[in-house]
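Contents: one structure, followed by commentary.
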Amino acid sequence: MQVENTVVEGVRLDETTDAVIVSVRPFARAARCCPECSKQCPLYDRGRGRRRWRSIDFGSSLCFLEADAPRVRCAEHGVRVAAVPWARPGAGHTRAFDDLVTWLVCRMSKAAVQVLLRITWRTAGEIIDRVMVEADVAAGDRLDGVRRIAVDEISYRRGQRYLTVVINYDTGRVLWIGVGRSKATLGEFFILLGPQRCQQIALVSADGADWIFYAVAEYCPEAKLCLDPFHAVAWATKALDEVRAQVWSTARREGQKALAQGVKGARYSLWKNPEDLTERQQAKLSWIQKTNRPLYVAYLLKEQFRQIFAKGGEERVELLDAWLAWASRCQLTPFVELARRIRVHFREDIVNTLVYRMSNGRLESANTKIRLLLRVAFGFKKTNALIALVKLQLAGYDIRLPGRA
Ligand SMILES: [Zn+2]
């Protein structure tokens with residue numbers, strides 16, 4: 001049954017629902033505790049009769065624990081339903097059930113969890129949330145020894161809302177997640193870290209957003225900012241796409257149907273890394289090389305920019321400066337503008353990325369996983385449940401099956 005400090009008074013079958021009902025009461029010493037602070041409190045009243053908590057199924061039958069739910073008066077927290085040893089405060093499910101859900105959510109599809117456990121996804125979200133709240137308290141401070149971090153903003157609810165995610169660059173683990181994307185949001189993390197540990201942060205990898213810049217400048221003035229290569233390359237890809245769109249609309253306006261059609265279908269050939277191209281896509285690229293010089297130059301600029309980050313290292317700084325010079329005089333407006341923007345705001349951050357060899361493999365994989373989890377979390381009611389799901393999978397927690405060491 002996996003219940004501690006609990007007396008089992010009887011077991012019966014509820015014939016109308018085919019559910020197993022286990023009558024229980026807490027051991028005397030576990031009774032009459034405040035759910036908030038666990039202190040022994042005087043009884044307030046007997047509450048509203050018997051209450052049920054869903055437990056792990058008994059065979060194919062649903063199983064519930066049933067007990068009185070007396071209320072206590074805590075000096076600090078007021079009148080509350082007394083804590084019970086078999087369930088988390090305020091929960092309608094037992095601890096064992098909560099832990100089983102949490103364990104399965106990491107290992108099973110969303111649909112399978114709902115069918116197997118006969119719960120809605122929203123309920124699963126509430127359960128993970130309270131399990132993780134408890135795990136967080138038990139884990140205490142996990143922010144010691146952090147030297148290099150990556151900060152990223154991730155959108156959810158169809159881009160309507162944002163989370164700020166801080167990852168330990170050295171372990172790849174999620175350290176902290178905050179709601180929103182602002183200097184104040186990231187400030188919360190640095191305040192949690194405290195001034196002494198903020199001083200020990202040497203490198204912050206980020207996407208170039210100004211609010212990250214300002215938060216780092218205020219809380220960790222010693223830290224060096226690095227521009228995350230993934231985002232930097234995305235800028236070049238965007239510039240390439242703008243050139244492609246211009247070439248396409250010009251061709252269409254001037255009635256060059258074949259060119260317009262060809263350029264339209266060339267998107268993937270231009271986007272993909274050359275080593276991943278199919279034969280057809282390679283042929284497309286050669287066709288562009290022959291028929292459209294500006295678009296081909298834009299392609300080369302994007303590829304060259306990507307190559308700068310491929311290995312990193314100080315010698316790459318020369319390559320970066322050569323690229324900036326080339327892009328500045330290429331006469332393709334999107335690249336001229338990108339080069340100017342990098343020169344004015346981001347050259348130093350890119351140099352740090354290269355010199356300290358901040359690669360993006362680990363961060364990209366964390367980001368991919370987070371985005372996947374945000375999709376899995378679709379259907380959760382509260383943002384807290386979504387954050388709990390991400391932490392559960394990516395923050396290095398180990399939630400065990402009930403009753404297993
Ligand atoms: Zn209390």
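Naming works like this for the structure tokens: A, B, ... for the chains as they're shown, residue 1 at the start of each chain, ligands 1 onward in shown order.
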
Give me, as a ChimeraX atom specification, the set of residues whose atoms come within 6 Å of any atom of ligand 1, counting only C-alpha atoms and all ligand atoms. /A:34,36-37,74,76-77

I'd like the contact shell of stretch 125-131 of chain A - 7 Å cut-off, only C-alpha atoms, skipping same-chain residues fewer than 2 positions apart - returned as a list in words.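 These residues fall inside the cut-off: Asp98, Thr102, Trp121, Arg122, Thr123, Val133, Glu134, Ala135, Phe380, Asn384, Ala385, Ala388 and Leu389 of chain A.
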
Could you save those same residues with N, CA, C and O atoms as a compact mmCIF listing (two decimals), in the first residue's frame?
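Output below, filename part.txt:
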```txt
# COMPACT_ATOMS: atom_id res chain seq x y z
N ASP A 98 0.84 10.02 -7.14
CA ASP A 98 1.58 11.17 -7.67
C ASP A 98 2.94 10.73 -8.24
O ASP A 98 3.33 11.12 -9.34
N THR A 102 4.38 10.81 -12.12
CA THR A 102 5.58 11.56 -12.45
C THR A 102 6.62 10.67 -13.13
O THR A 102 7.25 11.07 -14.11
N TRP A 121 -4.87 15.02 -18.82
CA TRP A 121 -3.52 15.57 -18.91
C TRP A 121 -3.37 16.76 -17.97
O TRP A 121 -2.31 17.02 -17.41
N ARG A 122 -4.45 17.47 -17.79
CA ARG A 122 -4.44 18.61 -16.88
C ARG A 122 -4.12 18.14 -15.45
O ARG A 122 -3.32 18.74 -14.75
N THR A 123 -4.75 17.02 -15.05
CA THR A 123 -4.47 16.44 -13.73
C THR A 123 -3.01 16.00 -13.63
O THR A 123 -2.35 16.25 -12.63
N VAL A 133 7.52 20.71 -6.71
CA VAL A 133 7.64 21.71 -5.63
C VAL A 133 8.34 21.05 -4.44
O VAL A 133 9.27 21.60 -3.86
N GLU A 134 7.90 19.84 -4.11
CA GLU A 134 8.50 19.12 -2.99
C GLU A 134 9.95 18.74 -3.28
O GLU A 134 10.83 18.88 -2.43
N ALA A 135 10.21 18.28 -4.51
CA ALA A 135 11.58 17.89 -4.89
C ALA A 135 12.52 19.08 -4.81
O ALA A 135 13.67 18.96 -4.40
N PHE A 380 -1.81 21.45 -20.17
CA PHE A 380 -1.65 21.81 -18.76
C PHE A 380 -2.31 23.16 -18.55
O PHE A 380 -2.28 24.02 -19.42
N ASN A 384 3.15 26.84 -14.16
CA ASN A 384 3.96 26.11 -13.19
C ASN A 384 4.11 24.64 -13.55
O ASN A 384 5.17 24.06 -13.36
N ALA A 385 3.03 24.05 -14.08
CA ALA A 385 3.07 22.63 -14.44
C ALA A 385 4.02 22.43 -15.62
O ALA A 385 4.79 21.46 -15.66
N ALA A 388 7.46 22.70 -14.33
CA ALA A 388 7.79 21.48 -13.56
C ALA A 388 8.17 20.35 -14.50
O ALA A 388 9.11 19.60 -14.23
N LEU A 389 7.47 20.24 -15.62
CA LEU A 389 7.76 19.17 -16.58
C LEU A 389 9.17 19.32 -17.16
O LEU A 389 9.91 18.35 -17.28
```

Atom CA of A:Arg293 to atom CA of A:Ala339, straight-line distance in Å: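 A separation of 19.7 Å between them.
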
Among stretch 50-124 of chain A, which residues does DSSP mark as helix (DSSP H, G or I) when it is run on the backbone? Keep the chain and numbering as in the structure and answer as a VMD selection string. chain A and resid 95 to 105 110 to 117 121 to 124

Applying 8 Å and only C-alpha atoms, which residues near A:Ala30 remain after dropping the ones on its own chain fewer than 3 positions away? List them as a PDB file with C-alpha atoms, in the first residue's frame.
```
ATOM      1  CA  ASN A   5       2.231   6.428   9.742  1.00  0.00           C
ATOM      2  CA  PRO A  26      -3.160   8.650  10.534  1.00  0.00           C
ATOM      3  CA  PHE A  27      -1.149   7.368  13.497  1.00  0.00           C
ATOM      4  CA  CYS A  33      -0.376  18.723  11.694  1.00  0.00           C
ATOM      5  CA  VAL A  84      -2.257  13.382   6.055  1.00  0.00           C
ATOM      6  CA  PRO A  85       0.779  11.103   5.753  1.00  0.00           C
TER       7      PRO A  85
END
```

Just checking: using only C-alpha atoms, which residue out of A:Gly379, A:Pro70, A:Pro35, A:Gly172 ends up closest to A:Gly47?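 Using only C-alpha atoms, A:Gly47 sits closest to A:Pro70.
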
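Going from atom CA of A:Asp18 to atom CA of A:Ala91 covers 22.7 Å.
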
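Atom CA of A:Leu104 is found 22.6 Å from atom CA of A:Ala19.
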
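Comparing A:Val247, A:Val233, A:Val137, A:Leu186 by their smallest distance to A:Trp271, the closest is A:Val233 (using only C-alpha atoms).
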
With only C-alpha atoms as the atoms that count, which of A:Lys224, A:Arg51, A:Arg252, A:Arg316 lies nearest to A:Ala87? A:Arg51

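For the choices A:Asn273, A:Asp210, A:Ala28, A:Ala258, the atom-to-atom distance to A:Gln307 is smallest for A:Asn273 when using only C-alpha atoms.
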
With distances taken over only C-alpha atoms, the candidate from A:Ala112, A:Ala260, A:Val351, A:Leu332 nearest A:Cys226 is A:Val351
